[in-house]
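Here's the structure, in structure tokens; my notes come after.
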Amino acid sequence: QLVVVESGGGLVQAGGSLRLSCAASPSIFSFSAMGWYRQAPGNERELVARITWGGFANYADSVKDRFTISRDSASNTVYLQMNSLKPEDTAVYYCRGSARGTVYWGQGTQVTVSS
């Protein structure tokens, strides 16, 4: 069974940094792509960053040059390093994995950026 579980959210001041982790089971390479999405109150869920099985990464324009997605095969974890955080980054962040036409979501982790 494929599972993704997020961790690492919290409260941070504007300009600060946070790193989110997504543990993938049984392996990050069980998924053709993994990504981070976020949903703020009243908004639709949106793509933040995504990395493919081959290592290609893409980002939402709003986070380019501030956020970095990476992965560690030894720990089967995908990370989202978030720097220069802004209040508008406040949202629930979800890890998403896709495999053979099926999408797997984590439970979400809250990120709150205070001004």
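Quick note on naming: the chains in the structure tokens go A, B, ... in the order shown, residues restart at 1 in each chain, and ligands are numbered from 1 in order of appearance.
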
Residues within 10 Å of Ser115 (chain A), please, as a ChimeraX atom specification. Count only C-alpha atoms; anything in the same chain fewer than 6 positions from it doesn't count. /A:12-15,85-88

Å distance separating CA of Gly106 (chain A) from CA of Asp72 (chain A), one decimal place: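 Rounded to one decimal, the two atoms are 18.0 Å apart.
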
Could you give me, as a list in words, the residues within 6 Å of Thr77 (chain A), counting only C-alpha atoms and dropping anything in the same chain fewer than 3 positions from it? Cys22, Ala23, Ala24, Arg71 and Asp72 of chain A

Do you know which residues are at most 8 Å from Tyr59 (chain A) counting only C-alpha atoms, after dropping those on the same chain fewer than 2 positions away, and could you put them as a PyMOL selection string? chain A and resi 47-50+57+61+63-64

Keeping only C-alpha atoms, write the selected residues as a tab-separated table (two decimals), in the first residue's frame.
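As written to disk, result04.tsv reads:
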chain	number	residue	atom	x	y	z
A	47	LEU	CA	0.32	23.23	-6.66
A	48	VAL	CA	3.36	24.58	-4.83
A	49	ALA	CA	6.16	22.34	-6.12
A	50	ARG	CA	6.50	18.98	-7.77
A	57	ALA	CA	11.20	19.89	-10.44
A	61	ASP	CA	5.43	31.28	-9.79
A	63	VAL	CA	7.20	30.46	-4.64
A	64	LYS	CA	10.00	30.36	-7.19

Work out how far CA of Ile69 (chain A) is from CA of Ser30 (chain A), in Å to one decimal.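 Between these atoms lies a distance of 17.6 Å.
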
Can you pull out the residues contacting Gly101 (chain A)? Cut-off 12 Å, using only C-alpha atoms, and skip same-chain residues under 6 positions away; I want them as a PyMOL selection string. chain A and resi 31-33

Show which residues sit within 12 Å of Arg45 (chain A), as a PyMOL selection string. Count only C-alpha atoms, and ignore same-chain residues fewer than 2 positions away. chain A and resi 36-43+47-48+91-96+105+108

Please identify the strand (DSSP E or B) residues within chain A (assignment by DSSP from backbone atoms) and present them as a PyMOL selection string. chain A and resi 3-7+10-13+18-25+33-39+46-52+57-59+67-72+77-82+91-99+102-105+109-114

Selected residue of minimal separation from Val3 (chain A) among A:Gly16, A:Gly97, A:Gly35, A:Gly54, counting only C-alpha atoms: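 With only C-alpha atoms as the atom set, the closest residue is A:Gly97.
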
Minimum-distance residue to Phe67 (chain A), chosen among A:Leu18, A:Met34, A:Ile51, A:Val111 (using only C-alpha atoms): A:Leu18

Suppose you want the space between CA of Leu11 (chain A) and CA of Asp65 (chain A); what is it in Å? 21.2 Å

Using only C-alpha atoms, which protein or nucleic acid residues come within 7 Å of Ser7 (chain A)? Drop anything in the same chain fewer than 5 positions from it, and give the result as an NGL selection string. :A and (20-22 or 109)

Counting only C-alpha atoms, figure out which residue out of A:Gln1, A:Thr112, A:Val78, A:Asn83 gets nearest to Trp53 (chain A).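 Using only C-alpha atoms, the shortest distance to Trp53 (chain A) belongs to A:Val78.
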
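The residue that comes closest to Thr68 (chain A), out of A:Glu44, A:Ser17, A:Gly8, A:Ser27 and on the basis of only C-alpha atoms, is A:Ser17.
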
Nearest to Glu6 (chain A) by atom-to-atom distance, counting only C-alpha atoms, from A:Ser73, A:Asn58, A:Arg19, A:Pro26: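 The closest residue to Glu6 (chain A) is A:Arg19.
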